[in-house]
>>> print(open('protein_19.pdb').read())   # PDB, C-alpha atoms
ATOM      1  CA  ALA A 829       0.000   0.000   0.000
ATOM      2  CA  CYS A 830       1.057   3.608  -0.532
ATOM      3  CA  PRO A 831      -0.271   5.657   2.400
ATOM      4  CA  PHE A 832      -0.351   9.375   1.799
ATOM      5  CA  VAL A 833      -3.418  10.681   3.658
ATOM      6  CA  ILE A 834      -4.366   9.172   7.014
ATOM      7  CA  ALA A 835      -7.438  10.105   8.988
ATOM      8  CA  GLY A 836      -7.965  10.001  12.707
ATOM      9  CA  GLU A 837      -5.938  10.933  15.783
ATOM     10  CA  ASN A 838      -2.164  10.749  16.160
ATOM     11  CA  ASP A 839      -1.765  11.367  12.422
ATOM     12  CA  LYS A 840       1.876  12.353  12.691
ATOM     13  CA  LYS A 841       2.900   9.226  14.609
ATOM     14  CA  ILE A 842       0.960   6.939  12.269
ATOM     15  CA  ARG A 843       2.541   8.610   9.225
ATOM     16  CA  LEU A 844       6.031   7.995  10.567
ATOM     17  CA  ILE A 845       5.284   4.297  11.110
ATOM     18  CA  ILE A 846       3.679   3.856   7.710
ATOM     19  CA  TYR A 847       6.408   5.772   5.873
ATOM     20  CA  ALA A 848       9.070   3.599   7.502
ATOM     21  CA  LEU A 849       7.280   0.443   6.350
ATOM     22  CA  LEU A 850       6.701   1.977   2.932
ATOM     23  CA  ALA A 851      10.356   2.906   2.517
ATOM     24  CA  PHE A 852      11.383  -0.651   3.351
ATOM     25  CA  SER A 853       8.866  -2.184   0.950
ATOM     26  CA  LEU A 854       9.792   0.175  -1.900
ATOM     27  CA  ASN A 855      13.497  -0.459  -1.367
ATOM     28  CA  ALA A 856      12.904  -4.207  -1.401
ATOM     29  CA  SER A 857      10.977  -3.961  -4.661
ATOM     30  CA  LEU A 858      13.531  -1.925  -6.608
ATOM     31  CA  THR A 859      14.981  -5.125  -8.034
ATOM     32  CA  GLY A 860      11.922  -7.269  -7.473
ATOM     33  CA  GLN A 861       8.499  -8.028  -8.848
ATOM     34  CA  GLU A 862       7.022  -4.936 -10.510
ATOM     35  CA  ILE A 863       4.862  -6.700 -13.095
ATOM     36  CA  PRO A 864       1.610  -8.008 -11.491
ATOM     37  CA  VAL A 865       1.787 -10.784  -8.921
ATOM     38  CA  PHE A 866      -1.539 -12.550  -9.247
ATOM     39  CA  TYR A 867      -3.080 -13.524  -5.959
ATOM     40  CA  HIS A 868      -4.651 -16.727  -4.653
ATOM     41  CA  SER A 869      -8.211 -16.304  -5.858
ATOM     42  CA  GLN A 870      -7.183 -14.781  -9.189
ATOM     43  CA  TYR A 871      -5.039 -17.620 -10.508
ATOM     44  CA  ILE A 872      -7.134 -20.380  -8.892
ATOM     45  CA  PHE A 873     -10.223 -19.073 -10.674
ATOM     46  CA  ASN A 874      -8.219 -18.207 -13.796
ATOM     47  CA  PRO A 875      -4.866 -20.069 -14.219
ATOM     48  CA  TYR A 876      -4.327 -18.250 -17.524
ATOM     49  CA  LEU A 877      -3.018 -15.316 -15.474
ATOM     50  CA  VAL A 878       0.097 -17.268 -14.400
ATOM     51  CA  ASN A 879       0.684 -19.367 -17.528
ATOM     52  CA  PRO A 880       0.010 -18.330 -21.150
ATOM     53  CA  ALA A 881      -0.130 -22.000 -22.211
ATOM     54  CA  PHE A 882      -3.425 -22.348 -20.290
ATOM     55  CA  ALA A 883      -5.187 -20.297 -22.999
ATOM     56  CA  GLY A 884      -7.589 -22.575 -24.852
ATOM     57  CA  SER A 885      -7.199 -25.560 -22.514
ATOM     58  CA  LYS A 886     -10.977 -25.729 -22.144
ATOM     59  CA  ASP A 887     -13.123 -26.486 -25.145
ATOM     60  CA  PHE A 888     -15.145 -23.385 -24.439
ATOM     61  CA  SER A 889     -14.233 -19.703 -24.294
ATOM     62  CA  ILE A 890     -13.772 -17.899 -20.965
ATOM     63  CA  LEU A 891     -14.436 -14.195 -20.415
ATOM     64  CA  ALA A 892     -13.638 -13.049 -16.858
ATOM     65  CA  LEU A 893     -13.501  -9.786 -14.927
ATOM     66  CA  SER A 894     -11.672  -9.510 -11.596
ATOM     67  CA  ALA A 895     -11.826  -6.489  -9.257
ATOM     68  CA  ARG A 896      -9.733  -6.208  -6.071
ATOM     69  CA  GLN A 897      -9.906  -3.593  -3.335
ATOM     70  CA  ASN A 898      -7.660  -3.254  -0.270
ATOM     71  CA  ILE A 899      -9.546  -2.487   2.935
ATOM     72  CA  GLU A 900      -7.385   0.055   4.726
ATOM     73  CA  ARG A 901      -7.509   3.038   7.068
ATOM     74  CA  ILE A 902      -5.612   4.869   4.345
ATOM     75  CA  ALA A 903      -6.846   7.155   1.599
ATOM     76  CA  ASN A 904      -6.413   5.932  -1.991
ATOM     77  CA  ALA A 905      -5.991   2.292  -0.984
ATOM     78  CA  PRO A 906      -4.762   0.000  -3.788
ATOM     79  CA  ASN A 907      -7.321  -1.384  -6.211
ATOM     80  CA  THR A 908      -6.878  -3.591  -9.276
ATOM     81  CA  GLN A 909      -9.057  -4.645 -12.205
ATOM     82  CA  ILE A 910      -8.329  -7.371 -14.792
ATOM     83  CA  LEU A 911     -10.427  -8.267 -17.834
ATOM     84  CA  SER A 912      -9.297 -11.487 -19.547
ATOM     85  CA  PHE A 913     -10.436 -13.700 -22.415
ATOM     86  CA  HIS A 914      -9.085 -16.872 -23.997
ATOM     87  CA  THR A 915     -10.438 -19.404 -26.473
ATOM     88  CA  ARG A 916      -9.581 -22.383 -28.681
ATOM     89  CA  PHE A 917     -10.025 -21.874 -32.424
ATOM     90  CA  ARG A 918     -12.728 -23.975 -34.068
ATOM     91  CA  ASP A 919     -12.153 -26.165 -37.122
ATOM     92  CA  PHE A 920     -14.932 -24.993 -39.449
ATOM     93  CA  ASN A 921     -14.205 -27.762 -41.958
ATOM     94  CA  ARG A 922     -14.966 -30.369 -39.287
ATOM     95  CA  LEU A 923     -18.127 -28.550 -38.262
ATOM     96  CA  GLU A 924     -19.589 -29.231 -41.724
ATOM     97  CA  GLU A 925     -19.554 -32.995 -41.098
ATOM     98  CA  GLU A 926     -22.803 -34.648 -40.075
ATOM     99  CA  ILE A 927     -21.242 -36.711 -37.279
ATOM    100  CA  ILE A 928     -18.420 -35.299 -35.178
ATOM    101  CA  ALA A 929     -16.881 -36.537 -31.941
ATOM    102  CA  ARG A 930     -17.043 -34.140 -29.013
ATOM    103  CA  GLY A 931     -13.935 -31.999 -28.799
ATOM    104  CA  THR A 932     -12.732 -32.697 -32.338
ATOM    105  CA  GLU A 933     -14.429 -29.560 -33.667
ATOM    106  CA  PHE A 934     -11.445 -27.563 -32.356
ATOM    107  CA  THR A 935      -8.044 -26.942 -33.873
ATOM    108  CA  ASN A 936      -4.813 -27.099 -31.839
ATOM    109  CA  MET A 937      -4.445 -23.313 -31.773
ATOM    110  CA  ALA A 938      -5.674 -20.891 -29.137
ATOM    111  CA  ALA A 939      -5.437 -17.221 -28.292
ATOM    112  CA  GLY A 940      -6.080 -14.990 -25.324
ATOM    113  CA  GLY A 941      -5.343 -11.688 -23.685
ATOM    114  CA  TYR A 942      -6.044  -9.419 -20.773
ATOM    115  CA  LEU A 943      -6.323  -5.755 -19.871
ATOM    116  CA  TYR A 944      -4.894  -4.708 -16.500
ATOM    117  CA  LYS A 945      -5.304  -1.570 -14.363
ATOM    118  CA  ASP A 946      -3.829  -0.925 -10.921
ATOM    119  CA  ASP A 947      -4.087   2.252  -8.804
ATOM    120  CA  ASN A 948      -1.916   2.617  -5.715
ATOM    121  CA  GLY A 949      -1.874   6.164  -4.340
ATOM    122  CA  PRO A 950       0.162   8.313  -6.781
ATOM    123  CA  PHE A 951       1.314   5.207  -8.682
ATOM    124  CA  ASN A 952      -0.703   3.798 -11.574
ATOM    125  CA  LYS A 953      -0.187   0.842 -13.932
ATOM    126  CA  ILE A 954      -2.148   0.116 -17.087
ATOM    127  CA  GLY A 955      -1.199  -2.912 -19.141
ATOM    128  CA  MET A 956      -2.192  -5.577 -21.592
ATOM    129  CA  GLN A 957      -1.133  -9.043 -22.718
ATOM    130  CA  ALA A 958      -1.720 -10.910 -25.980
ATOM    131  CA  THR A 959      -1.225 -14.700 -26.096
ATOM    132  CA  TYR A 960      -0.851 -17.478 -28.658
ATOM    133  CA  ALA A 961      -0.956 -21.124 -27.524
ATOM    134  CA  TYR A 962      -0.685 -24.499 -29.256
ATOM    135  CA  HIS A 963      -2.206 -27.695 -27.796
ATOM    136  CA  LEU A 964      -1.021 -31.183 -28.749
ATOM    137  CA  PRO A 965      -3.374 -34.096 -27.901
ATOM    138  CA  LEU A 966      -1.637 -37.048 -26.251
ATOM    139  CA  ASP A 967      -4.368 -39.663 -26.753
ATOM    140  CA  LYS A 968      -6.971 -40.577 -29.356
ATOM    141  CA  ARG A 969      -9.858 -39.131 -27.371
ATOM    142  CA  ALA A 970      -7.971 -35.827 -27.012
ATOM    143  CA  ILE A 971      -8.494 -35.660 -23.244
ATOM    144  CA  SER A 972      -4.822 -35.290 -22.273
ATOM    145  CA  HIS A 973      -2.795 -32.500 -23.873
ATOM    146  CA  ILE A 974       0.497 -30.720 -23.645
ATOM    147  CA  ALA A 975       0.382 -27.039 -24.540
ATOM    148  CA  PHE A 976       2.915 -24.305 -25.214
ATOM    149  CA  GLY A 977       2.166 -20.605 -25.005
ATOM    150  CA  ILE A 978       3.825 -17.249 -25.535
ATOM    151  CA  SER A 979       2.583 -13.807 -24.526
ATOM    152  CA  PHE A 980       3.710 -10.310 -25.322
ATOM    153  CA  SER A 981       2.906  -7.707 -22.708
ATOM    154  CA  GLY A 982       3.249  -3.985 -22.168
ATOM    155  CA  PHE A 983       2.680  -1.807 -19.097
ATOM    156  CA  LEU A 984       2.407   1.955 -18.843
ATOM    157  CA  TYR A 985       3.661   3.179 -15.452
ATOM    158  CA  THR A 986       2.603   6.584 -14.148
ATOM    159  CA  ILE A 987       3.664   8.501 -11.051
ATOM    160  CA  ASN A 988       2.096  11.827 -10.061
ATOM    161  CA  TYR A 989       4.471  13.887  -7.928
ATOM    162  CA  TRP A 990       1.700  16.162  -6.625
ATOM    163  CA  ASP A 991      -0.228  13.197  -5.175
ATOM    164  CA  LEU A 992       2.678  12.367  -2.855
ATOM    165  CA  ASN A 993       1.365  14.918  -0.323
ATOM    166  CA  THR A 994       3.737  15.061   2.674
ATOM    167  CA  LEU A 995       6.129  12.447   1.250
ATOM    168  CA  VAL A 996       8.546  14.503  -0.890
ATOM    169  CA  ASP A 997      11.387  12.800  -2.757
ATOM    170  CA  PRO A 998      13.992  15.071  -4.455
ATOM    171  CA  LEU A 999      14.887  12.198  -6.799
ATOM    172  CA  ILE A1000      11.378  12.197  -8.298
ATOM    173  CA  ALA A1001      10.800  14.870 -10.932
ATOM    174  CA  GLN A1002       7.863  17.166 -10.297
ATOM    175  CA  GLY A1003       4.759  16.712 -12.386
ATOM    176  CA  ARG A1004       3.375  13.571 -14.016
ATOM    177  CA  GLN A1005       5.967  11.019 -15.133
ATOM    178  CA  GLN A1006       5.234   8.059 -17.430
ATOM    179  CA  THR A1007       7.206   5.156 -18.862
ATOM    180  CA  PHE A1008       6.256   2.156 -21.010
ATOM    181  CA  VAL A1009       7.716  -1.301 -20.315
ATOM    182  CA  PRO A1010       7.350  -4.104 -22.936
ATOM    183  CA  ASP A1011       8.226  -7.733 -22.205
ATOM    184  CA  ALA A1012       7.209 -11.340 -22.890
ATOM    185  CA  ASN A1013       6.120 -14.489 -21.039
ATOM    186  CA  ILE A1014       6.349 -18.167 -22.022
ATOM    187  CA  GLY A1015       4.843 -21.334 -20.589
ATOM    188  CA  ALA A1016       4.252 -25.069 -20.964
ATOM    189  CA  TYR A1017       1.196 -26.855 -19.608
ATOM    190  CA  TYR A1018       0.195 -30.523 -19.300
ATOM    191  CA  TYR A1019      -3.384 -31.397 -18.443
ATOM    192  CA  GLY A1020      -5.519 -34.510 -18.401
ATOM    193  CA  LYS A1021      -8.880 -35.654 -17.092
ATOM    194  CA  ALA A1022      -8.230 -34.841 -13.441
ATOM    195  CA  HIS A1023      -4.712 -33.403 -13.202
ATOM    196  CA  PHE A1024      -2.549 -30.597 -14.506
ATOM    197  CA  VAL A1025       0.909 -29.120 -14.097
ATOM    198  CA  GLY A1026       2.401 -26.088 -15.764
ATOM    199  CA  ALA A1027       5.643 -24.082 -15.745
ATOM    200  CA  SER A1028       6.017 -20.506 -16.931
ATOM    201  CA  VAL A1029       8.565 -17.703 -17.134
ATOM    202  CA  TYR A1030       7.414 -14.094 -16.783
ATOM    203  CA  GLN A1031       9.365 -10.927 -17.619
ATOM    204  CA  LEU A1032      11.458 -12.992 -19.994
ATOM    205  CA  PHE A1033      13.603 -10.060 -21.160
ATOM    206  CA  GLU A1034      13.785  -8.356 -17.732
ATOM    207  CA  SER A1035      12.895  -5.001 -19.278
ATOM    208  CA  PRO A1036      13.650  -2.293 -16.673
ATOM    209  CA  ILE A1037      11.410   0.580 -15.623
ATOM    210  CA  LYS A1038      13.167   3.786 -16.748
ATOM    211  CA  TRP A1039      11.923   7.061 -15.352
ATOM    212  CA  GLY A1040      14.858   9.004 -16.792
ATOM    213  CA  SER A1041      18.424   8.763 -18.063
ATOM    214  CA  ALA A1042      20.163   8.729 -14.668
ATOM    215  CA  GLU A1043      21.111   5.438 -13.008
ATOM    216  CA  PHE A1044      18.884   6.056  -9.986
ATOM    217  CA  ASP A1045      15.933   6.616 -12.349
ATOM    218  CA  THR A1046      16.014   2.962 -13.462
ATOM    219  CA  ILE A1047      14.310   0.122 -11.582
ATOM    220  CA  SER A1048      15.565  -3.359 -12.453
ATOM    221  CA  ILE A1049      13.014  -6.099 -13.063
ATOM    222  CA  GLN A1050      13.773  -9.732 -12.347
ATOM    223  CA  ARG A1051      12.688 -12.732 -14.385
ATOM    224  CA  ASN A1052      10.035 -14.730 -12.502
ATOM    225  CA  TYR A1053       9.341 -18.472 -12.591
ATOM    226  CA  TYR A1054       6.047 -20.201 -11.762
ATOM    227  CA  LEU A1055       5.301 -23.887 -11.270
ATOM    228  CA  TYR A1056       1.631 -24.660 -10.697
ATOM    229  CA  GLY A1057      -0.012 -28.070 -10.415
ATOM    230  CA  GLY A1058      -3.004 -29.826  -8.933
ATOM    231  CA  TYR A1059      -5.250 -32.877  -8.928
ATOM    232  CA  ARG A1060      -8.999 -33.436  -8.619
ATOM    233  CA  PHE A1061     -10.090 -36.328  -6.401
ATOM    234  CA  LEU A1062     -13.612 -37.605  -6.915
ATOM    235  CA  ILE A1063     -14.791 -38.313  -3.343
ATOM    236  CA  GLN A1064     -18.371 -39.036  -4.312
ATOM    237  CA  ASN A1065     -20.308 -38.641  -7.501
ATOM    238  CA  ARG A1066     -20.959 -34.970  -6.754
ATOM    239  CA  ILE A1067     -18.073 -33.981  -4.447
ATOM    240  CA  ILE A1068     -14.585 -33.185  -5.728
ATOM    241  CA  VAL A1069     -11.555 -32.207  -3.638
ATOM    242  CA  GLU A1070      -8.851 -30.267  -5.458
ATOM    243  CA  PRO A1071      -5.464 -29.625  -3.777
ATOM    244  CA  SER A1072      -2.964 -27.510  -5.706
ATOM    245  CA  LEU A1073       0.425 -25.913  -5.217
ATOM    246  CA  LEU A1074       2.057 -22.826  -6.703
ATOM    247  CA  VAL A1075       5.833 -22.350  -6.490
ATOM    248  CA  LYS A1076       7.300 -19.019  -7.574
ATOM    249  CA  SER A1077      10.872 -17.822  -7.683
ATOM    250  CA  THR A1078      13.415 -15.499  -9.303
ATOM    251  CA  ASP A1079      17.007 -16.103 -10.424
ATOM    252  CA  HIS A1080      18.268 -14.696  -7.118
ATOM    253  CA  ASP A1081      16.213 -16.845  -4.749
ATOM    254  CA  ILE A1082      15.629 -20.038  -6.725
ATOM    255  CA  ASP A1083      17.593 -21.991  -4.099
ATOM    256  CA  GLN A1084      15.022 -20.844  -1.492
ATOM    257  CA  PHE A1085      11.895 -21.657  -3.500
ATOM    258  CA  TYR A1086      10.354 -23.356  -0.452
ATOM    259  CA  ASN A1087       9.875 -19.899   1.068
ATOM    260  CA  PHE A1088       7.607 -18.875  -1.807
ATOM    261  CA  LEU A1089       4.819 -21.443  -1.843
ATOM    262  CA  ASP A1090       1.044 -21.175  -2.142
ATOM    263  CA  ILE A1091      -0.769 -24.207  -0.711
ATOM    264  CA  ASN A1092      -4.367 -24.349  -1.931
ATOM    265  CA  LEU A1093      -7.380 -26.557  -1.285
ATOM    266  CA  ARG A1094     -10.762 -26.317  -3.013
ATOM    267  CA  VAL A1095     -13.938 -28.396  -2.608
ATOM    268  CA  ILE A1096     -16.386 -28.540  -5.500
ATOM    269  CA  TYR A1097     -20.030 -29.611  -5.149
ATOM    270  CA  LEU A1098     -22.112 -29.387  -8.305
ATOM    271  CA  THR A1099     -22.052 -25.664  -9.216
ATOM    272  CA  PHE A1100     -20.533 -24.483  -5.897
ATOM    273  CA  SER A1101     -16.886 -24.386  -4.875
ATOM    274  CA  VAL A1102     -15.199 -23.136  -1.692
ATOM    275  CA  GLY A1103     -11.569 -23.161  -0.656
ATOM    276  CA  ALA A1104      -8.626 -21.686   1.185
ATOM    277  CA  SER A1105      -5.061 -20.772   0.317
ATOM    278  CA  TYR A1106      -1.950 -20.212   2.423
ATOM    279  CA  ARG A1107       0.854 -18.079   0.989
ATOM    280  CA  MET A1108       4.076 -18.954   2.808
ATOM    281  CA  ASN A1109       5.162 -16.156   5.185
ATOM    282  CA  GLU A1110       2.738 -13.689   3.566
ATOM    283  CA  GLY A1111      -0.943 -14.386   4.210
ATOM    284  CA  MET A1112      -4.059 -16.480   3.723
ATOM    285  CA  ALA A1113      -7.212 -16.350   1.629
ATOM    286  CA  ILE A1114     -10.665 -17.864   1.619
ATOM    287  CA  PHE A1115     -12.777 -17.937  -1.529
ATOM    288  CA  GLY A1116     -15.909 -19.325  -3.112
ATOM    289  CA  GLN A1117     -17.528 -19.504  -6.520
ATOM    290  CA  TYR A1118     -21.020 -20.215  -7.840
ATOM    291  CA  GLN A1119     -22.008 -20.988 -11.405
ATOM    292  CA  PHE A1120     -25.482 -20.468 -12.856
ATOM    293  CA  ARG A1121     -25.633 -21.917 -16.324
ATOM    294  CA  ASN A1122     -22.763 -20.202 -18.179
ATOM    295  CA  LEU A1123     -22.407 -17.326 -15.712
ATOM    296  CA  PHE A1124     -20.012 -17.607 -12.752
ATOM    297  CA  LEU A1125     -19.485 -15.402  -9.709
ATOM    298  CA  GLY A1126     -16.571 -15.659  -7.270
ATOM    299  CA  LEU A1127     -15.816 -13.879  -3.992
ATOM    300  CA  ALA A1128     -12.558 -13.910  -2.031
ATOM    301  CA  TYR A1129     -11.087 -12.359   1.084
ATOM    302  CA  GLU A1130      -7.340 -12.237   1.656
ATOM    303  CA  TYR A1131      -5.482 -11.040   4.728
ATOM    304  CA  PRO A1132      -1.752 -10.537   5.210
ATOM    305  CA  PHE A1133       0.685 -11.575   7.921
ATOM    306  CA  SER A1134       2.541  -8.287   8.232
ATOM    307  CA  LYS A1135       3.343  -5.466  10.623
ATOM    308  CA  ILE A1136       1.015  -3.198   8.690
ATOM    309  CA  TRP A1137      -1.985  -5.329   9.780
ATOM    310  CA  ASN A1138      -3.294  -2.551  12.077
ATOM    311  CA  TYR A1139      -3.775  -0.347   9.010
ATOM    312  CA  ASN A1140      -4.678  -3.019   6.466
ATOM    313  CA  TYR A1141      -7.748  -5.168   6.970
ATOM    314  CA  GLY A1142      -7.076  -7.364   3.973
ATOM    315  CA  THR A1143      -8.343  -7.435   0.412
ATOM    316  CA  VAL A1144     -11.747  -8.218  -1.056
ATOM    317  CA  GLU A1145     -12.033  -9.528  -4.592
ATOM    318  CA  VAL A1146     -14.974 -10.157  -6.907
ATOM    319  CA  ASN A1147     -14.706 -12.392  -9.982
ATOM    320  CA  VAL A1148     -17.466 -12.561 -12.562
ATOM    321  CA  GLY A1149     -17.575 -13.954 -16.071
ATOM    322  CA  PHE A1150     -18.982 -16.256 -18.722
ATOM    323  CA  ASN A1151     -18.010 -19.720 -19.925
ATOM    324  CA  LEU A1152     -19.130 -19.387 -23.533
ATOM    325  CA  GLY A1153     -20.207 -22.791 -24.913
ATOM    326  CA  LYS A1154     -19.909 -24.639 -21.576
ATOM    327  CA  GLY A1155     -22.327 -27.547 -21.260
ATOM    328  CA  LYS A1156     -21.888 -28.840 -24.799
ATOM    329  CA  ASN A1157     -18.493 -30.423 -24.287
ATOM    330  CA  ARG A1158     -16.639 -32.945 -22.174
ATOM    331  CA  PHE A1159     -14.721 -30.294 -20.230
ATOM    332  CA  GLY A1160     -17.997 -28.850 -19.019
ATOM    333  CA  ASP A1161     -17.927 -31.546 -16.337
ATOM    334  CA  ASN A1162     -16.135 -30.450 -13.133
ATOM    335  CA  ARG A1163     -14.301 -33.789 -13.132
ATOM    336  CA  TYR A1164     -12.355 -32.635 -16.177
ATOM    337  CA  TRP A1165      -9.759 -29.922 -16.485
TER     338      TRP A1165
END
>>> encode(input="protein_19.pdb", output="structure tokens")
Amino acid sequence: ACPFVIAGENDKKIRLIIYALLAFSLNASLTGQEIPVFYHSQYIFNPYLVNPAFAGSKDFSILALSARQNIERIANAPNTQILSFHTRFRDFNRLEEEIIARGTEFTNMAAGGYLYKDDNGPFNKIGMQATYAYHLPLDKRAISHIAFGISFSGFLYTINYWDLNTLVDPLIAQGRQQTFVPDANIGAYYYGKAHFVGASVYQLFESPIKWGSAEFDTISIQRNYYLYGGYRFLIQNRIIVEPSLLVKSTDHDIDQFYNFLDINLRVIYLTFSVGASYRMNEGMAIFGQYQFRNLFLGLAYEYPFSKIWNYNYGTVEVNVGFNLGKGKNRFGDNRYW
């Protein structure tokens, strides 16, 4: 969070505490993760956000909108919105046949993309991603696949000096500063009837954020690695338990990957799902989702394990979207990925 206006008593004391925490967090992020880190409920509901090869892995199209809002005793608390879409291309030659096996009406190619907006006090990020993916069937029924994906992304960073209020930095030029950062992401993804595992690399070219020509105006960006996998256990005909694990790392801390784990568990019953996620040394989340026909709605609450807890009551997120074509295909069943 970027606290710049704080209401209530003892404003001066609270500002000093928050600024100290802010300075530490900003310093730690100068060579860290500046491109979006997608949170528990976002990638569990929409794995495409952490692996471009996921695009088109369902034989229906997915349009999803995610909105996040930090609950804080701080003005201009961070908020984020993401609109994403991905689909598998149809084989129109096959569609002309009188008899066609389910799933074979699709080609191996898929595409996707998202629009991203994040506001955090005087800092603003607007970005987009465009994805191409290719899916290779591994069996005759085309239930198991291995997919490869590549995305090209670009983010416009903005900082407004006049919104800094009492926090004045002589190294930041006055006025409104903007910089555009292009990069790319790649991924591989294996999925079958009840299991999946995928690996991806984000910020492939490590494009830096450059506010100016001086050395201190440049923020280095590290390449990030994600490994995400899970399995669906059919407990009864209508109850499914889905554990999953996300491992994330950079080149500098890959030998300490065990410190950067998300441990997730979701239970699915018909059109309902509920679950929880634990992010190692960072926080927890609880979430749920309901689907009515092709429309789905998800809610999540996340809370951190940090010293700023007294000023941050967690984050609320709403996910809503459409599964276009769901119900006419084998992957419409919750027992299938």
>>> residues_around(input="protein_19.pdb", residues="stretch 1034-1036 of chain A", least_positions_apart="6", cutoff="8 Å", atoms="all atoms listed in the file", output="list in words")
Val1009, Pro1010, Asp1011, Thr1046, Ile1047, Ser1048, Ile1049, Gln1050 and Arg1051 of chain A
>>> closest_residue(input="protein_19.pdb", among="A:Ala1012, A:Leu943, A:Leu1074, A:Ala938", to="A:Leu1032", atoms="all atoms listed in the file")
A:Ala1012
>>> resolve_selection(input="protein_19.pdb", expression="the PyMOL selection byres ((chain A and resi 882) around 8)", output="PyMOL selection string")
chain A and resi 875-876+879-881+883-885+961+975+977+1017
>>> closest_atom_pairs(input="protein_19.pdb", of="stretch 1011-1088 of chain A", to="stretch 1100-1123 of chain A", cutoff="12 Å", atoms="all atoms listed in the file", output="Markdown table")
| residue | atom | partner | partner_atom | distance |
| --- | --- | --- | --- | --- |
| A:Arg1066 | CA | A:Phe1100 | CA | 10.5 |
| A:Ile1067 | CA | A:Ser1101 | CA | 9.7 |
| A:Ile1068 | CA | A:Ser1101 | CA | 9.1 |
| A:Val1069 | CA | A:Gly1103 | CA | 9.5 |
| A:Glu1070 | CA | A:Gly1103 | CA | 9.0 |
| A:Pro1071 | CA | A:Gly1103 | CA | 9.4 |
| A:Ser1072 | CA | A:Ser1105 | CA | 9.3 |
| A:Leu1073 | CA | A:Ser1105 | CA | 9.3 |
| A:Leu1074 | CA | A:Arg1107 | CA | 9.1 |
| A:Val1075 | CA | A:Arg1107 | CA | 9.9 |
| A:Lys1076 | CA | A:Arg1107 | CA | 10.8 |
| A:Gln1084 | CA | A:Met1108 | CA | 11.9 |
| A:Phe1085 | CA | A:Met1108 | CA | 10.4 |
| A:Tyr1086 | CA | A:Met1108 | CA | 8.3 |
| A:Asn1087 | CA | A:Met1108 | CA | 6.1 |
| A:Phe1088 | CA | A:Met1108 | CA | 5.8 |
>>> write_last_selection(input="protein_19.pdb", atoms="C-alpha atoms", output="short mmCIF file (atom, residue, chain, number, x, y, z; two decimals), keeping the file's coordinate frame")
data_model
loop_
_atom_site.label_atom_id
_atom_site.label_comp_id
_atom_site.auth_asym_id
_atom_site.auth_seq_id
_atom_site.Cartn_x
_atom_site.Cartn_y
_atom_site.Cartn_z
CA ARG A 1066 -20.96 -34.97 -6.75
CA ILE A 1067 -18.07 -33.98 -4.45
CA ILE A 1068 -14.58 -33.18 -5.73
CA VAL A 1069 -11.56 -32.21 -3.64
CA GLU A 1070 -8.85 -30.27 -5.46
CA PRO A 1071 -5.46 -29.62 -3.78
CA SER A 1072 -2.96 -27.51 -5.71
CA LEU A 1073 0.42 -25.91 -5.22
CA LEU A 1074 2.06 -22.83 -6.70
CA VAL A 1075 5.83 -22.35 -6.49
CA LYS A 1076 7.30 -19.02 -7.57
CA GLN A 1084 15.02 -20.84 -1.49
CA PHE A 1085 11.90 -21.66 -3.50
CA TYR A 1086 10.35 -23.36 -0.45
CA ASN A 1087 9.88 -19.90 1.07
CA PHE A 1088 7.61 -18.88 -1.81
#
>>> resolve_selection(input="protein_19.pdb", expression="the PyMOL selection byres ((chain A and resi 891) around 6)", output="PDB file with C-alpha atoms, keeping the file's coordinate frame")
ATOM      1  CA  ILE A 890     -13.772 -17.899 -20.965  1.00  0.00           C
ATOM      2  CA  ALA A 892     -13.638 -13.049 -16.858  1.00  0.00           C
ATOM      3  CA  SER A 912      -9.297 -11.487 -19.547  1.00  0.00           C
ATOM      4  CA  PHE A 913     -10.436 -13.700 -22.415  1.00  0.00           C
ATOM      5  CA  GLY A1149     -17.575 -13.954 -16.071  1.00  0.00           C
ATOM      6  CA  PHE A1150     -18.982 -16.256 -18.722  1.00  0.00           C
TER       7      PHE A1150
END
>>> atom_distance(input="protein_19.pdb", atom1="atom CA of A:Val1029", atom2="atom CA of A:Ile954")
20.8 Å
>>> closest_residue(input="protein_19.pdb", among="A:Asn948, A:Phe1124, A:Ile1037, A:Val878", to="A:Leu1152", atoms="only C-alpha atoms")
A:Phe1124
>>> closest_residue(input="protein_19.pdb", among="A:Phe951, A:Tyr1019, A:Tyr1056, A:Tyr962", to="A:Arg1004", atoms="all atoms listed in the file")
A:Phe951
>>> atom_distance(input="protein_19.pdb", atom1="atom CA of A:Pro950", atom2="atom CA of A:Phe1133")
24.7 Å
>>> closest_residue(input="protein_19.pdb", among="A:Ile971, A:Val1146, A:Ala905, A:Ile910", to="A:Gln957", atoms="all atoms listed in the file")
A:Ile910
>>> closest_residue(input="protein_19.pdb", among="A:Leu911, A:Val1025, A:Ile872, A:Met937", to="A:Ser894", atoms="only C-alpha atoms")
A:Leu911
>>> atom_distance(input="protein_19.pdb", atom1="atom CA of A:Val1095", atom2="atom CA of A:Ala1022")
13.8 Å
>>> closest_residue(input="protein_19.pdb", among="A:Lys886, A:His1080, A:Lys1021, A:Lys953", to="A:Asn907", atoms="all atoms listed in the file")
A:Lys953
>>> residues_around(input="protein_19.pdb", residues="A:Asn936", least_positions_apart="4", cutoff="8 Å", atoms="all atoms listed in the file", output="list in words")
Arg916, Phe917, Tyr962, His963 and Leu964 of chain A
>>> residues_around(input="protein_19.pdb", residues="A:Ala1027", least_positions_apart="3", cutoff="6 Å", atoms="all atoms listed in the file", output="list of chain:residue names")
A:Gly1015, A:Ala1016, A:Tyr1054, A:Leu1055
>>> resolve_selection(input="protein_19.pdb", expression="the PyMOL selection byres ((chain A and resi 1130) around 7)", output="NGL selection string")
:A and (1112-1114 or 1128-1129 or 1131-1132 or 1142-1144)
